[in-house]
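Engineer: Sharing a structure, written as structure tokens. Questions coming.
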Amino acid sequence: MSITVPSTTPATPSPLTPSPLTPSPLTPGRQALDSALFQLDQAADQLGLDDGLRTMLATPRRSLTVAVPVRREDGRMDVVQGFRVQHNITRGPAKGGIRFHPSTDLHEVTALAMWMTWKCALVGIPYGGAKGGVAVDPASLTPRELERVTRRYVNEILPIIGPEKDIPAPDVGTDEQTMAWIMDTYSVNAGYSVPGVVTGKPMTLGGSLGRAGATSRGVQISALRALPGSPEGRTVAVQGFGKVGAPAARYLADAGCRVVAVSDVTGAVVNLSGLDVDDLRAWVEETGGVYGYRHADALSHADLLELDVDILVPAALEGVITEENAPRIRARLIVEGANGPTTPGADRILADAGTTVVPDILANAGGVIVSYLEWVQNTQAYSWSAGEVEVKLRDLMEQSYDAVAALSAERGITLRQAAHVIGVGRVAEAHRLRGLYP
Ligand code: NAD
């Protein structure tokens, strides 16, 4: 994999800073990485970083690709690819989720790891950034096959993870059960229980109160901070009704908003009078997806993003708001539950149109904040109440939001640019203070 190294004085036009409006024939993973590098380059310009530091920040510290052989139920052996990228560990151990998705590749995992680095620095928790992935569709595996894939993948990345090195968490296609298998595989190898090796675990194994809904609670806090005026009756559309999107819909409804449309991989549904989020979740539980929900009309995936709503929450995958559909986006506020849903080309169009975008590294940081609190509880062998966790989460989210909004207003830059200036700036400062060994 080649990563383009940023330069303030490129001899030839840098592929890092293409016009973001130029259509790209690249894979989704490479596009995500190009977006991440473009955002880094913009922040580095604002911060006046030299070429050496830019190169350091653009380059992942460790990238591991592994083969994951899996014995299928019929006796066949399949081999899938797995990845773990530690983008930066200057401020602390690497931290980031593990994704099981068929299109996951090294570029995508690298982009996601880089965003984790800036996110942890932005919200002021002492972690670097990492991400992992296995190129597999979990829905195509039986539960026993899924457990074998998970344990074998963990065994392959075992040398580089650990509570003081790199701490995985759930992401797309993984959940509490996946984290339980990871904790068990690591602990069996260590010879004793190591709860702090993963976060997002079940409560029985050392999980934290408030972790399951933490990312979504952060999305709600960001949305309420960004909304001018009362949330009462504000309309919401949510793309992706999974671990982030479904509770985010619930939290926004709790705040008085009217959730009018949601989508998942099976389809999209709309009811302009408002959806009963709990009833819809029960339907998804029963049928496997939102498709066919009886108290709503069907909608196309594309149309959901373009609905005339107050708040749009993309909470599925990267690169869904592009320069192609951005001119038709009518939401006044976009709160990014997903990582990297908006491309740089779309960002520019939305900014020109006056649409506020609360960027991923801020909006969805609630998950890693409570993951950090879970890890702190694990390392102290002590548990906090739900109230204590909630207060710490809310304080960190609100402080981070306010710092980003203040810098955005002061410099006349977007919230995404301001969030990156703060996050990248803190990591750059840590590099400067530590110096270069030897
Ligand atoms: P998940 O697997 O629980 O849910 C993903 C949802 O997106 C599912 O409902 C799926 O059906 C839906 N989806 C997939 N493709 C879609 C499409 N084309 N259109 C509409 N819906 C589609 O994953 P998650 O953990 O909720 O993660 C979602 C996003 O949030 C990812 O970008 C992830 O990196 C980010 N994120 C997750 C966490 C976390 O704590 N889980 C934290 C921060 C960020």
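In the structure tokens, chains take letters A, B, ... by order of appearance, with residues numbered from 1 within each chain and ligands from 1 in the order shown.
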Find the residues near stretch 64-76 of chain A: any atom within 12 Å, counting only C-alpha atoms, skip ones fewer than 6 places away on the same chain, and give them as a CSV table (one decimal) with N, CA, C and O atoms, in the first residue's frame.
Structural biologist:
chain,number,residue,atom,x,y,z
A,1,MET,N,0.8,-1.2,0.0
A,1,MET,CA,0.0,0.0,0.0
A,1,MET,C,0.9,1.2,0.0
A,1,MET,O,1.8,1.3,0.8
A,82,GLY,N,-7.4,-10.2,7.0
A,82,GLY,CA,-7.7,-9.3,8.2
A,82,GLY,C,-6.6,-8.3,8.3
A,82,GLY,O,-5.5,-8.4,7.7
A,83,PHE,N,-6.9,-7.2,9.0
A,83,PHE,CA,-6.0,-6.0,9.1
A,83,PHE,C,-6.0,-5.5,10.5
A,83,PHE,O,-7.1,-5.5,11.2
A,84,ARG,N,-4.9,-4.9,10.9
A,84,ARG,CA,-4.9,-4.0,12.1
A,84,ARG,C,-3.9,-2.9,11.8
A,84,ARG,O,-2.7,-3.2,11.5
A,85,VAL,N,-4.3,-1.7,11.9
A,85,VAL,CA,-3.5,-0.6,11.6
A,85,VAL,C,-3.4,0.3,12.9
A,85,VAL,O,-4.4,0.7,13.4
A,86,GLN,N,-2.2,0.5,13.4
A,86,GLN,CA,-2.0,1.5,14.5
A,86,GLN,C,-1.4,2.7,13.8
A,86,GLN,O,-0.3,2.8,13.4
A,87,HIS,N,-2.3,3.7,13.7
A,87,HIS,CA,-1.8,4.9,13.0
A,87,HIS,C,-0.9,5.8,13.8
A,87,HIS,O,0.1,6.2,13.3
A,104,THR,N,-14.0,-4.3,3.4
A,104,THR,CA,-13.0,-3.7,4.2
A,104,THR,C,-11.6,-4.0,3.5
A,104,THR,O,-11.4,-5.2,3.1
A,105,ASP,N,-10.8,-3.0,3.5
A,105,ASP,CA,-9.4,-3.3,2.9
A,105,ASP,C,-8.4,-2.4,3.7
A,105,ASP,O,-8.8,-1.7,4.6
A,106,LEU,N,-7.1,-2.6,3.4
A,106,LEU,CA,-6.1,-1.9,4.2
A,106,LEU,C,-6.2,-0.4,4.1
A,106,LEU,O,-6.0,0.4,5.1
A,107,HIS,N,-6.6,0.2,2.9
A,107,HIS,CA,-6.8,1.6,2.8
A,107,HIS,C,-7.9,2.1,3.7
A,107,HIS,O,-7.7,3.1,4.4
A,109,VAL,N,-9.1,0.7,6.5
A,109,VAL,CA,-8.7,0.6,7.9
A,109,VAL,C,-7.7,1.6,8.2
A,109,VAL,O,-7.7,2.2,9.4
A,110,THR,N,-6.8,2.0,7.3
A,110,THR,CA,-5.8,3.1,7.6
A,110,THR,C,-6.5,4.4,7.8
A,110,THR,O,-6.2,5.2,8.7
A,130,ALA,N,-6.2,3.5,16.2
A,130,ALA,CA,-6.0,2.3,15.5
A,130,ALA,C,-7.3,1.9,14.8
A,130,ALA,O,-8.4,2.5,15.1
A,131,LYS,N,-7.3,0.9,14.0
A,131,LYS,CA,-8.5,0.2,13.5
A,131,LYS,C,-8.2,-1.1,13.0
A,131,LYS,O,-7.0,-1.4,12.6
A,132,GLY,N,-9.2,-2.0,13.0
A,132,GLY,CA,-9.0,-3.4,12.5
A,132,GLY,C,-10.1,-3.8,11.6
A,132,GLY,O,-11.2,-3.1,11.7
A,133,GLY,N,-9.9,-4.8,10.8
A,133,GLY,CA,-11.0,-5.2,10.0
A,133,GLY,C,-10.8,-6.6,9.4
A,133,GLY,O,-9.6,-7.0,9.3
A,134,VAL,N,-11.8,-7.3,9.2
A,134,VAL,CA,-11.8,-8.6,8.5
A,134,VAL,C,-12.7,-8.5,7.3
A,134,VAL,O,-13.9,-8.1,7.4
A,135,ALA,N,-12.2,-8.9,6.1
A,135,ALA,CA,-13.0,-8.7,4.8
A,135,ALA,C,-13.9,-9.9,4.7
A,135,ALA,O,-13.7,-10.8,4.0
A,136,VAL,N,-15.0,-9.8,5.5
A,136,VAL,CA,-15.9,-10.9,5.5
A,136,VAL,C,-17.3,-10.4,5.8
A,136,VAL,O,-17.5,-9.4,6.5
A,140,SER,N,-23.0,-14.0,6.3
A,140,SER,CA,-22.8,-15.2,5.5
A,140,SER,C,-22.2,-16.4,6.4
A,140,SER,O,-22.0,-17.4,5.8
A,141,LEU,N,-22.0,-16.1,7.6
A,141,LEU,CA,-21.3,-17.1,8.5
A,141,LEU,C,-22.3,-17.6,9.5
A,141,LEU,O,-23.2,-16.9,10.0
A,142,THR,N,-22.2,-18.9,9.9
A,142,THR,CA,-23.0,-19.4,11.1
A,142,THR,C,-22.3,-18.8,12.3
A,142,THR,O,-21.1,-18.4,12.3
A,143,PRO,N,-23.0,-18.8,13.5
A,143,PRO,CA,-22.4,-18.3,14.7
A,143,PRO,C,-21.1,-19.0,15.0
A,143,PRO,O,-20.1,-18.4,15.5
A,144,ARG,N,-21.0,-20.3,14.8
A,144,ARG,CA,-19.7,-21.0,15.1
A,144,ARG,C,-18.6,-20.6,14.1
A,144,ARG,O,-17.5,-20.4,14.5
A,145,GLU,N,-18.9,-20.4,12.9
A,145,GLU,CA,-17.9,-19.9,11.9
A,145,GLU,C,-17.5,-18.5,12.3
A,145,GLU,O,-16.3,-18.2,12.2
A,146,LEU,N,-18.4,-17.7,12.7
A,146,LEU,CA,-18.1,-16.3,13.1
A,146,LEU,C,-17.1,-16.3,14.3
A,146,LEU,O,-16.2,-15.5,14.4
A,147,GLU,N,-17.4,-17.2,15.3
A,147,GLU,CA,-16.5,-17.3,16.4
A,147,GLU,C,-15.1,-17.7,16.0
A,147,GLU,O,-14.1,-17.2,16.5
A,148,ARG,N,-15.1,-18.7,15.1
A,148,ARG,CA,-13.8,-19.2,14.6
A,148,ARG,C,-13.0,-18.1,13.9
A,148,ARG,O,-11.8,-17.9,14.1
A,149,VAL,N,-13.7,-17.3,13.0
A,149,VAL,CA,-13.0,-16.2,12.3
A,149,VAL,C,-12.5,-15.2,13.4
A,149,VAL,O,-11.3,-14.8,13.3
A,150,THR,N,-13.3,-14.9,14.3
A,150,THR,CA,-12.9,-13.9,15.3
A,150,THR,C,-11.7,-14.4,16.1
A,150,THR,O,-10.7,-13.6,16.2
A,151,ARG,N,-11.7,-15.6,16.6
A,151,ARG,CA,-10.6,-16.1,17.4
A,151,ARG,C,-9.3,-16.2,16.6
A,151,ARG,O,-8.2,-15.9,17.1
A,152,ARG,N,-9.5,-16.7,15.4
A,152,ARG,CA,-8.3,-16.9,14.5
A,152,ARG,C,-7.6,-15.5,14.2
A,152,ARG,O,-6.4,-15.3,14.2
A,153,TYR,N,-8.5,-14.5,13.8
A,153,TYR,CA,-8.0,-13.2,13.5
A,153,TYR,C,-7.3,-12.6,14.7
A,153,TYR,O,-6.2,-12.0,14.6
A,154,VAL,N,-7.9,-12.7,15.9
A,154,VAL,CA,-7.3,-12.2,17.1
A,154,VAL,C,-6.0,-12.9,17.4
A,154,VAL,O,-5.0,-12.2,17.8
A,155,ASN,N,-5.9,-14.2,17.2
A,155,ASN,CA,-4.7,-14.9,17.4
A,155,ASN,C,-3.6,-14.3,16.5
A,155,ASN,O,-2.4,-14.2,16.9
A,156,GLU,N,-4.0,-14.0,15.2
A,156,GLU,CA,-3.0,-13.4,14.3
A,156,GLU,C,-2.5,-12.0,14.7
A,156,GLU,O,-1.3,-11.7,14.4
A,157,ILE,N,-3.4,-11.2,15.3
A,157,ILE,CA,-2.9,-9.9,15.6
A,157,ILE,C,-2.5,-9.8,17.1
A,157,ILE,O,-2.1,-8.7,17.6
A,158,LEU,N,-2.5,-10.9,17.8
A,158,LEU,CA,-2.2,-11.0,19.2
A,158,LEU,C,-0.9,-10.2,19.6
A,158,LEU,O,-0.9,-9.5,20.6
A,159,PRO,N,0.2,-10.4,18.8
A,159,PRO,CA,1.4,-9.8,19.3
A,159,PRO,C,1.4,-8.2,19.4
A,159,PRO,O,2.2,-7.6,20.1
A,160,ILE,N,0.4,-7.6,18.7
A,160,ILE,CA,0.4,-6.1,18.7
A,160,ILE,C,-0.7,-5.5,19.5
A,160,ILE,O,-0.8,-4.3,19.7
A,161,ILE,N,-1.6,-6.4,20.1
A,161,ILE,CA,-2.7,-5.8,20.9
A,161,ILE,C,-2.4,-6.1,22.4
A,161,ILE,O,-1.6,-6.9,22.7
Engineer: Neighbours of ligand 1 within 7 Å, counting only C-alpha atoms and all ligand atoms, as a PyMOL selection string?
Structural biologist: chain A and resi 170-174+215+239-245+263-267+301+315-318+337-340+364-365+367-368
Engineer: Please give the complete set of residues from stretch 109-260 of chain A that DSSP, run on the backbone, assigns to helix (DSSP H, G or I), formatted as a ChimeraX atom specification.
Structural biologist: /A:109-122,138-140,143-160,176-190,195-197,203-205,214-226,245-254
Engineer: Using only C-alpha atoms, find the one residue out of A:Val427, A:Ala405, A:Val389, A:Val270 that sits nearest to A:Leu373.
Structural biologist: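 Smallest separation from A:Leu373 among the options: A:Val389.
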Engineer: Using only C-alpha atoms, find each residue of stretch 263-359 of chain A with at least one atom at most 12 Å away from an atom of stretch 218-230 of chain A; report its shortest atom-to-atom pair and that distance in Å (one decimal), sort the rows by chain and rising residue number, and return the result as JSON lines.
Structural biologist:
{"residue": "A:Asp310", "atom": "CA", "partner": "A:Leu227", "partner_atom": "CA", "distance": 8.9}
{"residue": "A:Ile311", "atom": "CA", "partner": "A:Ala223", "partner_atom": "CA", "distance": 7.9}
{"residue": "A:Leu312", "atom": "CA", "partner": "A:Ala223", "partner_atom": "CA", "distance": 9.7}
{"residue": "A:Val313", "atom": "CA", "partner": "A:Val219", "partner_atom": "CA", "distance": 8.4}
{"residue": "A:Pro314", "atom": "CA", "partner": "A:Val219", "partner_atom": "CA", "distance": 10.5}
{"residue": "A:Ala315", "atom": "CA", "partner": "A:Val219", "partner_atom": "CA", "distance": 9.8}
{"residue": "A:Ala331", "atom": "CA", "partner": "A:Leu227", "partner_atom": "CA", "distance": 11.9}
{"residue": "A:Arg332", "atom": "CA", "partner": "A:Leu227", "partner_atom": "CA", "distance": 9.1}
{"residue": "A:Leu333", "atom": "CA", "partner": "A:Leu227", "partner_atom": "CA", "distance": 7.5}
{"residue": "A:Ile334", "atom": "CA", "partner": "A:Ala223", "partner_atom": "CA", "distance": 8.3}
{"residue": "A:Val335", "atom": "CA", "partner": "A:Ala223", "partner_atom": "CA", "distance": 6.3}
{"residue": "A:Glu336", "atom": "CA", "partner": "A:Val219", "partner_atom": "CA", "distance": 7.5}
{"residue": "A:Gly337", "atom": "CA", "partner": "A:Val219", "partner_atom": "CA", "distance": 6.2}
{"residue": "A:Ala338", "atom": "CA", "partner": "A:Val219", "partner_atom": "CA", "distance": 9.9}
{"residue": "A:Thr355", "atom": "CA", "partner": "A:Ala226", "partner_atom": "CA", "distance": 11.2}
{"residue": "A:Thr356", "atom": "CA", "partner": "A:Ala226", "partner_atom": "CA", "distance": 8.0}
{"residue": "A:Val357", "atom": "CA", "partner": "A:Ala226", "partner_atom": "CA", "distance": 9.0}
{"residue": "A:Val358", "atom": "CA", "partner": "A:Ser222", "partner_atom": "CA", "distance": 7.2}
{"residue": "A:Pro359", "atom": "CA", "partner": "A:Ser222", "partner_atom": "CA", "distance": 9.6}
Engineer: Which is closer to A:Asn189 than all the others in A:Gly162, A:Val284, A:Ile98, A:Gly292, using only C-alpha atoms?
Structural biologist: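 Ranked by minimum distance to A:Asn189, first place goes to A:Gly162.
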Engineer: For A:Gly366, which residue among A:Arg30, A:Arg99, A:Arg234, A:Lys119 is the nearest when counting only C-alpha atoms?
Structural biologist: A:Lys119
Engineer: Excluding same-chain residues fewer than 5 positions from A:Asn271, what lies within 9 Å of it counting only C-alpha atoms, as a ChimeraX atom specification?
Structural biologist: /A:259-261,295-297
Engineer: Apply DSSP to the structure's backbone, then extract all residues of stretch 69-264 of chain A labelled strand (DSSP E or B) and return them as a PyMOL selection string.
Structural biologist: chain A and resi 69-71+77-88+94-100+128-134+162+166-170+235-239+258-264
